[in-house]
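I have placed the structure first, in the form of structure tokens, so that the comments after it can refer back to it.
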Amino acid sequence: MGASRDVPFPAGYHHLTEQKVIGSGADAFAAAAAHLCAWGMHRDAGLDVRADAPTASPGTAVELRWVIGPLRLTFSCRVVYVLDEPHRKGFAYGTLPGHPERGEESFVVEQRPDGTVLATISAFSKPDRWFTRLGGPAGRVVQRVMTRKYLEALAEAAR
């Protein structure tokens with residue numbers, strides 16, 4: 001695992017990359033990066049987070065739970081790498097057995113030389129359970145909606 005570091009992503013998967021300018025300056029970068037790595041982005045997007053560690057680190061198992069009315073979905077993942085550079089922080093996790101999808105997703109916050117703080121979420125995935133195969137494009141719509149919620153949560157943290 002760790003293939004989300006490479007571009008292009010592996011063939012045979014749906015690819016997604018979304019970016020958003022979330023702020024400016026060192027304080028915005030630090031706040032967004034800390035929020036991201038402490039699972040705050042996931043919580044703010046409406047997920048219950050159960051992780052082996054309070055912050056993302058390689059090998060950390062994380063279980064994300066999403067309740068939609070009577071439906072309860074569980075997404076089990078493991079952190080495959082962490083980025084900890086002066087102006088670039090984040091991590092990626094890969095799905096574990098039982099996750100509705102198979103793939104990897106990376107979350108990166110970076111401060112550019114002009115001070116702009118940019119959040120980037122990238123993923124490659126394909127259905128791995130009967131209901132996600134049956135749902136077809138609906139799964140990609142849900143993934144895009146969650147990605148936008150994640151980006152908005154990071155923007156709010158950077159304010």
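Chain labels follow the order of the structure tokens: the first chain is A, the next B, and so on; residue numbering restarts at 1 in every chain, and ligands are counted from 1 in their shown order.
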Backbone-only DSSP, strand (DSSP E or B) members of chain A, as JSON, numbers by chain
{"A": [14, 15, 16, 17, 18, 19, 20, 21, 22, 23, 24, 48, 49, 50, 51, 61, 62, 63, 64, 65, 66, 67, 68, 71, 72, 73, 74, 75, 76, 77, 78, 79, 80, 81, 82, 83, 84, 85, 88, 89, 90, 91, 92, 93, 94, 95, 101, 102, 103, 104, 105, 106, 107, 108, 109, 110, 111, 116, 117, 118, 119, 120, 121, 122, 123, 124, 125, 126, 127]}
For Pro97 in chain A: contacts at 9 Å, only C-alpha atoms, fewer than 5 positions along chain excluded, given as a list of chain:residue names
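Residues near the query, excluding close chain neighbours: A:Ser76, A:Cys77, A:Arg102, A:Asp128.
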Writer output for current selection, C-alpha atoms, as a compact mmCIF listing (two decimals), in the first residue's frame:
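The result, written out as part-v4.txt:
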# COMPACT_ATOMS: atom_id res chain seq x y z
CA SER A 76 -12.18 0.39 8.32
CA CYS A 77 -8.82 1.73 7.16
CA ARG A 102 -11.15 -1.03 -2.04
CA ASP A 128 -15.72 -4.07 -2.85
Using only C-alpha atoms, which residue out of A:Glu101, A:Thr147, A:Leu47, A:Phe107 lies closest to Gly135 in chain A?
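Once distances to Gly135 in chain A are computed over only C-alpha atoms, the minimum belongs to A:Glu101.
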From range 7-128 of chain A, collect each residue whose DSSP state is helix (DSSP H, G or I) and return the set as a PyMOL selection string.
chain A and resi 26-37+40-44
Looking at A:Met41, A:Tyr13, A:Pro54, A:Val49, which one is nearest to Phe75 in chain A, with distances taken over only C-alpha atoms?
A:Val49
Need the shell around Pro127 in chain A: protein/DNA/RNA residues with any atom at most 7 Å away, counting only C-alpha atoms. Skip same-chain ones fewer than 2 positions apart. Format as a PyMOL selection string?
chain A and resi 100-102+125+129+132-133
Can you tell me, as a list in words, what residues are no more than 12 Å from His15 in chain A when counting only C-alpha atoms, ignoring any on the same chain fewer than 3 positions away?
Ser4, Val7, Pro8, Phe9, Pro10, Ala11, Gly12, Glu18, Gly103, Glu104, Glu105, Ser106, Ile121, Ser122, Ala123, Phe124, Ser125, Lys126, Arg140, Gln143 and Arg144 of chain A
Figure out the distance between CA of Arg148 in chain A and CA of Val117 in chain A, please, to one decimal in Å.
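These two atoms are separated by 16.3 Å.
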Could you pull the residues within 10 Å of Pro113 in chain A, counting only C-alpha atoms, minus those fewer than 3 positions along the same chain, as JSON, numbers by chain?
{"A": [25, 87, 110, 116, 117]}
For the residues selected in the previous step, produce a file with N, CA, C and O atoms as a PDB file, in the first residue's frame.
ATOM      1  N   GLY A  25      -1.236  31.841   5.309  1.00  0.00           N
ATOM      2  CA  GLY A  25      -0.333  32.096   6.426  1.00  0.00           C
ATOM      3  C   GLY A  25      -0.029  30.868   7.263  1.00  0.00           C
ATOM      4  O   GLY A  25      -0.697  29.841   7.197  1.00  0.00           O
ATOM      5  N   HIS A  87       6.266  22.481   5.166  1.00  0.00           N
ATOM      6  CA  HIS A  87       5.128  23.180   4.560  1.00  0.00           C
ATOM      7  C   HIS A  87       4.129  22.227   3.909  1.00  0.00           C
ATOM      8  O   HIS A  87       3.319  22.653   3.075  1.00  0.00           O
ATOM      9  N   GLU A 110      -0.988  21.969   2.450  1.00  0.00           N
ATOM     10  CA  GLU A 110       0.322  22.556   2.168  1.00  0.00           C
ATOM     11  C   GLU A 110       0.245  24.070   2.167  1.00  0.00           C
ATOM     12  O   GLU A 110      -0.777  24.656   1.820  1.00  0.00           O
ATOM     13  N   THR A 116      -0.343  30.967   0.596  1.00  0.00           N
ATOM     14  CA  THR A 116      -1.624  30.300   0.365  1.00  0.00           C
ATOM     15  C   THR A 116      -1.600  28.895   0.957  1.00  0.00           C
ATOM     16  O   THR A 116      -0.639  28.152   0.781  1.00  0.00           O
ATOM     17  N   VAL A 117      -2.673  28.538   1.653  1.00  0.00           N
ATOM     18  CA  VAL A 117      -2.809  27.198   2.219  1.00  0.00           C
ATOM     19  C   VAL A 117      -3.817  26.431   1.373  1.00  0.00           C
ATOM     20  O   VAL A 117      -4.952  26.874   1.183  1.00  0.00           O
TER      21      VAL A 117
END
Quick one: residues within 12 Å of Glu63 in chain A, only C-alpha atoms counted, chain neighbours fewer than 2 positions away excluded, as a JSON list (two decimals) with all heavy atoms, in the first residue's frame?
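Saved the output as part-v6.json:
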[["chain", "number", "residue", "atom", "x", "y", "z"],
["A", 39, "TRP", "N", -7.80, 13.74, 13.27],
["A", 39, "TRP", "CA", -9.10, 13.19, 12.86],
["A", 39, "TRP", "C", -10.24, 14.21, 12.93],
["A", 39, "TRP", "O", -11.41, 13.85, 12.76],
["A", 39, "TRP", "CB", -9.47, 11.94, 13.67],
["A", 39, "TRP", "CG", -8.38, 10.95, 13.78],
["A", 39, "TRP", "CD1", -7.66, 10.64, 14.90],
["A", 39, "TRP", "CD2", -7.83, 10.12, 12.74],
["A", 39, "TRP", "NE1", -6.71, 9.70, 14.63],
["A", 39, "TRP", "CE2", -6.79, 9.36, 13.30],
["A", 39, "TRP", "CE3", -8.12, 9.98, 11.38],
["A", 39, "TRP", "CZ2", -6.03, 8.45, 12.57],
["A", 39, "TRP", "CZ3", -7.37, 9.07, 10.66],
["A", 39, "TRP", "CH2", -6.34, 8.32, 11.25],
["A", 42, "HIS", "N", -12.56, 14.47, 9.81],
["A", 42, "HIS", "CA", -13.52, 13.38, 9.69],
["A", 42, "HIS", "C", -14.72, 13.60, 10.63],
["A", 42, "HIS", "O", -15.87, 13.42, 10.23],
["A", 42, "HIS", "CB", -12.86, 12.04, 10.00],
["A", 42, "HIS", "CG", -11.90, 11.60, 8.95],
["A", 42, "HIS", "ND1", -10.58, 12.00, 8.94],
["A", 42, "HIS", "CD2", -12.06, 10.80, 7.87],
["A", 42, "HIS", "CE1", -9.97, 11.46, 7.90],
["A", 42, "HIS", "NE2", -10.84, 10.72, 7.23],
["A", 43, "ARG", "N", -14.42, 14.01, 11.85],
["A", 43, "ARG", "CA", -15.50, 14.25, 12.82],
["A", 43, "ARG", "C", -16.40, 15.38, 12.34],
["A", 43, "ARG", "O", -17.62, 15.29, 12.44],
["A", 43, "ARG", "CB", -14.91, 14.54, 14.19],
["A", 43, "ARG", "CG", -14.33, 13.33, 14.87],
["A", 43, "ARG", "CD", -13.87, 13.63, 16.31],
["A", 43, "ARG", "NE", -13.34, 12.43, 16.92],
["A", 43, "ARG", "CZ", -12.05, 12.10, 16.94],
["A", 43, "ARG", "NH1", -11.14, 12.92, 16.42],
["A", 43, "ARG", "NH2", -11.65, 10.99, 17.51],
["A", 47, "LEU", "N", -18.63, 12.00, 10.79],
["A", 47, "LEU", "CA", -18.25, 10.62, 11.05],
["A", 47, "LEU", "C", -17.85, 10.44, 12.52],
["A", 47, "LEU", "O", -17.25, 11.33, 13.11],
["A", 47, "LEU", "CB", -17.08, 10.21, 10.16],
["A", 47, "LEU", "CG", -17.34, 10.27, 8.65],
["A", 47, "LEU", "CD1", -16.05, 10.02, 7.89],
["A", 47, "LEU", "CD2", -18.42, 9.28, 8.25],
["A", 48, "ASP", "N", -18.18, 9.28, 13.06],
["A", 48, "ASP", "CA", -17.67, 8.88, 14.37],
["A", 48, "ASP", "C", -16.33, 8.20, 14.10],
["A", 48, "ASP", "O", -16.24, 7.34, 13.23],
["A", 48, "ASP", "CB", -18.65, 7.91, 15.03],
["A", 48, "ASP", "CG", -18.16, 7.42, 16.38],
["A", 48, "ASP", "OD1", -17.61, 8.24, 17.15],
["A", 48, "ASP", "OD2", -18.30, 6.22, 16.65],
["A", 49, "VAL", "N", -15.29, 8.62, 14.82],
["A", 49, "VAL", "CA", -13.94, 8.11, 14.57],
["A", 49, "VAL", "C", -13.47, 7.30, 15.76],
["A", 49, "VAL", "O", -13.50, 7.77, 16.90],
["A", 49, "VAL", "CB", -12.95, 9.28, 14.33],
["A", 49, "VAL", "CG1", -11.54, 8.76, 14.10],
["A", 49, "VAL", "CG2", -13.41, 10.14, 13.16],
["A", 50, "ARG", "N", -13.00, 6.09, 15.47],
["A", 50, "ARG", "CA", -12.36, 5.24, 16.47],
["A", 50, "ARG", "C", -10.99, 4.88, 15.90],
["A", 50, "ARG", "O", -10.92, 4.18, 14.89],
["A", 50, "ARG", "CB", -13.17, 3.97, 16.72],
["A", 50, "ARG", "CG", -14.64, 4.22, 16.96],
["A", 50, "ARG", "CD", -14.98, 4.20, 18.43],
["A", 50, "ARG", "NE", -16.33, 4.71, 18.64],
["A", 50, "ARG", "CZ", -17.34, 3.97, 19.04],
["A", 50, "ARG", "NH1", -17.17, 2.70, 19.28],
["A", 50, "ARG", "NH2", -18.52, 4.52, 19.23],
["A", 51, "ALA", "N", -9.94, 5.36, 16.52],
["A", 51, "ALA", "CA", -8.59, 5.13, 16.00],
["A", 51, "ALA", "C", -7.69, 4.59, 17.09],
["A", 51, "ALA", "O", -7.90, 4.85, 18.28],
["A", 51, "ALA", "CB", -8.02, 6.43, 15.43],
["A", 52, "ASP", "N", -6.66, 3.85, 16.66],
["A", 52, "ASP", "CA", -5.66, 3.31, 17.58],
["A", 52, "ASP", "C", -4.80, 4.39, 18.21],
["A", 52, "ASP", "O", -4.12, 4.13, 19.20],
["A", 52, "ASP", "CB", -4.70, 2.36, 16.84],
["A", 52, "ASP", "CG", -5.33, 1.04, 16.47],
["A", 52, "ASP", "OD1", -6.46, 0.76, 16.92],
["A", 52, "ASP", "OD2", -4.68, 0.29, 15.73],
["A", 53, "ALA", "N", -4.76, 5.55, 17.60],
["A", 53, "ALA", "CA", -3.89, 6.64, 18.07],
["A", 53, "ALA", "C", -4.63, 7.96, 17.93],
["A", 53, "ALA", "O", -5.48, 8.11, 17.05],
["A", 53, "ALA", "CB", -2.59, 6.66, 17.26],
["A", 60, "THR", "N", -1.58, 3.08, 11.96],
["A", 60, "THR", "CA", -2.77, 3.33, 12.79],
["A", 60, "THR", "C", -4.01, 2.78, 12.10],
["A", 60, "THR", "O", -4.28, 3.08, 10.93],
["A", 60, "THR", "CB", -2.96, 4.84, 13.03],
["A", 60, "THR", "OG1", -1.82, 5.35, 13.70],
["A", 60, "THR", "CG2", -4.21, 5.13, 13.84],
["A", 61, "ALA", "N", -4.78, 1.98, 12.84],
["A", 61, "ALA", "CA", -6.07, 1.49, 12.34],
["A", 61, "ALA", "C", -7.13, 2.51, 12.75],
["A", 61, "ALA", "O", -7.11, 3.02, 13.88],
["A", 61, "ALA", "CB", -6.39, 0.12, 12.91],
["A", 65, "ARG", "N", -17.40, 5.59, 11.29],
["A", 65, "ARG", "CA", -18.80, 5.15, 11.27],
["A", 65, "ARG", "C", -19.68, 6.30, 10.83],
["A", 65, "ARG", "O", -19.53, 7.42, 11.30],
["A", 65, "ARG", "CB", -19.21, 4.68, 12.66],
["A", 65, "ARG", "CG", -18.43, 3.47, 13.10],
["A", 65, "ARG", "CD", -18.82, 3.05, 14.49],
["A", 65, "ARG", "NE", -18.00, 1.93, 14.91],
["A", 65, "ARG", "CZ", -18.00, 1.44, 16.12],
["A", 65, "ARG", "NH1", -18.78, 1.95, 17.03],
["A", 65, "ARG", "NH2", -17.21, 0.42, 16.41],
["A", 66, "TRP", "N", -20.61, 5.96, 9.96],
["A", 66, "TRP", "CA", -21.52, 6.96, 9.41],
["A", 66, "TRP", "C", -22.94, 6.44, 9.57],
["A", 66, "TRP", "O", -23.26, 5.34, 9.10],
["A", 66, "TRP", "CB", -21.20, 7.19, 7.95],
["A", 66, "TRP", "CG", -21.84, 8.38, 7.30],
["A", 66, "TRP", "CD1", -22.25, 9.53, 7.89],
["A", 66, "TRP", "CD2", -22.12, 8.53, 5.91],
["A", 66, "TRP", "NE1", -22.76, 10.39, 6.95],
["A", 66, "TRP", "CE2", -22.68, 9.79, 5.73],
["A", 66, "TRP", "CE3", -21.93, 7.70, 4.81],
["A", 66, "TRP", "CZ2", -23.08, 10.27, 4.49],
["A", 66, "TRP", "CZ3", -22.32, 8.18, 3.56],
["A", 66, "TRP", "CH2", -22.89, 9.45, 3.41],
["A", 73, "LEU", "N", -23.07, 2.57, 8.48],
["A", 73, "LEU", "CA", -21.96, 2.09, 7.67],
["A", 73, "LEU", "C", -20.66, 2.23, 8.44],
["A", 73, "LEU", "O", -20.45, 3.21, 9.14],
["A", 73, "LEU", "CB", -21.87, 2.89, 6.37],
["A", 73, "LEU", "CG", -23.05, 2.77, 5.41],
["A", 73, "LEU", "CD1", -22.89, 3.75, 4.26],
["A", 73, "LEU", "CD2", -23.15, 1.35, 4.89],
["A", 74, "THR", "N", -19.79, 1.23, 8.28],
["A", 74, "THR", "CA", -18.49, 1.25, 8.92],
["A", 74, "THR", "C", -17.41, 1.17, 7.85],
["A", 74, "THR", "O", -17.50, 0.34, 6.94],
["A", 74, "THR", "CB", -18.34, 0.07, 9.90],
["A", 74, "THR", "OG1", -19.36, 0.18, 10.90],
["A", 74, "THR", "CG2", -16.98, 0.10, 10.58],
["A", 75, "PHE", "N", -16.43, 2.03, 7.97],
["A", 75, "PHE", "CA", -15.32, 2.10, 7.02],
["A", 75, "PHE", "C", -14.03, 1.87, 7.79],
["A", 75, "PHE", "O", -13.60, 2.73, 8.55],
["A", 75, "PHE", "CB", -15.28, 3.47, 6.34],
["A", 75, "PHE", "CG", -16.60, 3.90, 5.75],
["A", 75, "PHE", "CD1", -17.49, 4.68, 6.48],
["A", 75, "PHE", "CD2", -16.95, 3.51, 4.48],
["A", 75, "PHE", "CE1", -18.70, 5.06, 5.94],
["A", 75, "PHE", "CE2", -18.17, 3.89, 3.93],
["A", 75, "PHE", "CZ", -19.05, 4.66, 4.66],
["A", 76, "SER", "N", -13.42, 0.72, 7.61],
["A", 76, "SER", "CA", -12.18, 0.39, 8.32],
["A", 76, "SER", "C", -10.99, 0.63, 7.41],
["A", 76, "SER", "O", -10.97, 0.18, 6.26],
["A", 76, "SER", "CB", -12.20, -1.07, 8.77],
["A", 76, "SER", "OG", -13.25, -1.27, 9.69],
["A", 77, "CYS", "N", -10.00, 1.35, 7.95],
["A", 77, "CYS", "CA", -8.82, 1.73, 7.16],
["A", 77, "CYS", "C", -7.57, 1.63, 8.03],
["A", 77, "CYS", "O", -7.65, 1.55, 9.25],
["A", 77, "CYS", "CB", -8.94, 3.17, 6.67],
["A", 77, "CYS", "SG", -10.41, 3.52, 5.70],
["A", 78, "ARG", "N", -6.41, 1.67, 7.37],
["A", 78, "ARG", "CA", -5.13, 1.71, 8.07],
["A", 78, "ARG", "C", -4.26, 2.78, 7.41],
["A", 78, "ARG", "O", -4.16, 2.85, 6.18],
["A", 78, "ARG", "CB", -4.42, 0.37, 8.00],
["A", 78, "ARG", "CG", -3.11, 0.36, 8.79],
["A", 78, "ARG", "CD", -2.51, -1.02, 8.95],
["A", 78, "ARG", "NE", -3.42, -2.07, 9.35],
["A", 78, "ARG", "CZ", -3.85, -2.32, 10.59],
["A", 78, "ARG", "NH1", -3.46, -1.53, 11.58],
["A", 78, "ARG", "NH2", -4.67, -3.30, 10.84],
["A", 79, "VAL", "N", -3.65, 3.63, 8.24],
["A", 79, "VAL", "CA", -2.77, 4.68, 7.73],
["A", 79, "VAL", "C", -1.54, 4.02, 7.10],
["A", 79, "VAL", "O", -0.88, 3.20, 7.74],
["A", 79, "VAL", "CB", -2.35, 5.67, 8.84],
["A", 79, "VAL", "CG1", -1.35, 6.69, 8.32],
["A", 79, "VAL", "CG2", -3.58, 6.37, 9.42],
["A", 93, "TYR", "N", -4.66, 6.71, 3.94],
["A", 93, "TYR", "CA", -5.03, 5.40, 4.46],
["A", 93, "TYR", "C", -5.55, 4.53, 3.35],
["A", 93, "TYR", "O", -6.04, 5.01, 2.33],
["A", 93, "TYR", "CB", -5.98, 5.46, 5.65],
["A", 93, "TYR", "CG", -7.25, 6.26, 5.53],
["A", 93, "TYR", "CD1", -8.12, 6.17, 4.45],
["A", 93, "TYR", "CD2", -7.62, 7.10, 6.59],
["A", 93, "TYR", "CE1", -9.30, 6.90, 4.41],
["A", 93, "TYR", "CE2", -8.80, 7.82, 6.55],
["A", 93, "TYR", "CZ", -9.64, 7.71, 5.47],
["A", 93, "TYR", "OH", -10.80, 8.42, 5.42],
["A", 94, "GLY", "N", -5.39, 3.25, 3.59],
["A", 94, "GLY", "CA", -5.90, 2.24, 2.67],
["A", 94, "GLY", "C", -7.04, 1.51, 3.34],
["A", 94, "GLY", "O", -7.10, 1.40, 4.57],
["A", 95, "THR", "N", -7.96, 1.01, 2.54],
["A", 95, "THR", "CA", -9.11, 0.30, 3.08],
["A", 95, "THR", "C", -8.69, -1.07, 3.61],
["A", 95, "THR", "O", -7.73, -1.67, 3.13],
["A", 95, "THR", "CB", -10.20, 0.14, 2.01],
["A", 95, "THR", "OG1", -9.67, -0.62, 0.91],
["A", 95, "THR", "CG2", -10.69, 1.49, 1.52],
["A", 96, "LEU", "N", -9.44, -1.54, 4.58],
["A", 96, "LEU", "CA", -9.24, -2.87, 5.15],
["A", 96, "LEU", "C", -10.44, -3.75, 4.77],
["A", 96, "LEU", "O", -11.49, -3.23, 4.37],
["A", 96, "LEU", "CB", -9.12, -2.77, 6.68],
["A", 96, "LEU", "CG", -7.87, -2.08, 7.20],
["A", 96, "LEU", "CD1", -7.95, -1.88, 8.72],
["A", 96, "LEU", "CD2", -6.62, -2.86, 6.82],
["A", 97, "PRO", "N", -10.31, -5.06, 4.89],
["A", 97, "PRO", "CA", -11.43, -5.95, 4.56],
["A", 97, "PRO", "C", -12.70, -5.53, 5.30],
["A", 97, "PRO", "O", -12.66, -5.16, 6.48],
["A", 97, "PRO", "CB", -10.94, -7.32, 5.03],
["A", 97, "PRO", "CG", -9.45, -7.24, 4.91],
["A", 97, "PRO", "CD", -9.11, -5.81, 5.30],
["A", 98, "GLY", "N", -13.82, -5.57, 4.59],
["A", 98, "GLY", "CA", -15.10, -5.15, 5.13],
["A", 98, "GLY", "C", -15.49, -3.74, 4.74],
["A", 98, "GLY", "O", -16.66, -3.36, 4.84],
["A", 99, "HIS", "N", -14.53, -2.93, 4.31],
["A", 99, "HIS", "CA", -14.82, -1.57, 3.83],
["A", 99, "HIS", "C", -15.65, -1.71, 2.55],
["A", 99, "HIS", "O", -15.40, -2.60, 1.75],
["A", 99, "HIS", "CB", -13.50, -0.85, 3.55],
["A", 99, "HIS", "CG", -13.64, 0.62, 3.31],
["A", 99, "HIS", "ND1", -14.25, 1.15, 2.19],
["A", 99, "HIS", "CD2", -13.23, 1.69, 4.05],
["A", 99, "HIS", "CE1", -14.20, 2.47, 2.25],
["A", 99, "HIS", "NE2", -13.59, 2.82, 3.37]]
So which residues touch Pro86 in chain A within 12 Å, counting only C-alpha atoms, skipping near sequence neighbours fewer than 3 positions away, as a CSV table (one decimal) with N, CA and C atoms, in the first residue's frame?
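Once everything was written out, this is selection.csv:
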chain,number,residue,atom,x,y,z
A,26,ALA,N,1.0,31.0,8.1
A,26,ALA,CA,1.5,29.9,8.9
A,26,ALA,C,0.5,29.4,9.9
A,29,PHE,N,-2.1,27.3,8.2
A,29,PHE,CA,-1.5,26.0,7.8
A,29,PHE,C,-1.4,25.1,9.1
A,30,ALA,N,-0.9,25.6,10.1
A,30,ALA,CA,-0.7,24.8,11.4
A,30,ALA,C,-2.0,24.3,11.9
A,33,ALA,N,-3.5,21.6,9.5
A,33,ALA,CA,-2.7,20.4,9.5
A,33,ALA,C,-3.0,19.6,10.8
A,83,LEU,N,2.8,12.4,5.8
A,83,LEU,CA,3.7,13.5,5.3
A,83,LEU,C,3.9,14.4,6.5
A,89,LYS,N,1.8,18.7,5.2
A,89,LYS,CA,1.4,17.7,6.2
A,89,LYS,C,0.2,16.9,5.7
A,90,GLY,N,0.1,15.7,6.2
A,90,GLY,CA,-1.0,14.9,5.9
A,90,GLY,C,-0.8,13.4,6.0
A,109,VAL,N,-2.4,19.0,3.4
A,109,VAL,CA,-2.5,20.4,3.6
A,109,VAL,C,-1.1,21.0,3.3
A,110,GLU,N,-1.0,22.0,2.4
A,110,GLU,CA,0.3,22.6,2.2
A,110,GLU,C,0.2,24.1,2.2
A,111,GLN,N,1.4,24.7,2.6
A,111,GLN,CA,1.5,26.1,2.5
A,111,GLN,C,2.4,26.4,1.4
A,112,ARG,N,1.9,27.2,0.4
A,112,ARG,CA,2.8,27.5,-0.8
A,112,ARG,C,3.7,28.7,-0.4
A,113,PRO,N,4.7,28.9,-1.3
A,113,PRO,CA,5.6,30.0,-1.0
A,113,PRO,C,4.9,31.4,-0.8
Using only C-alpha atoms: which of A:Ala119, A:Val80, A:Ala138, A:Val62 has the shortest distance to Glu156 in chain A:
A:Ala119
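Of note, CA of Arg72 in chain A and CA of Ala153 in chain A are spaced 22.0 Å apart.
The residue that comes closest to His14 in chain A, out of A:Ala157, A:Lys149, A:Pro137, A:Val67 and on the basis of only C-alpha atoms, is A:Pro137.
One finds CA of Gly115 in chain A at 10.7 Å from CA of Val21 in chain A.
Distance check against Val145 in chain A using only C-alpha atoms: of A:Leu16, A:Val108, A:Val82, A:Ala34, the minimum falls on A:Leu16.
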When you count only C-alpha atoms, which of these residues is closest to Tyr150 in chain A: A:Tyr81, A:Arg88, A:Pro58, A:Ile22?
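Checking each candidate against Tyr150 in chain A, we get A:Ile22 as the closest.
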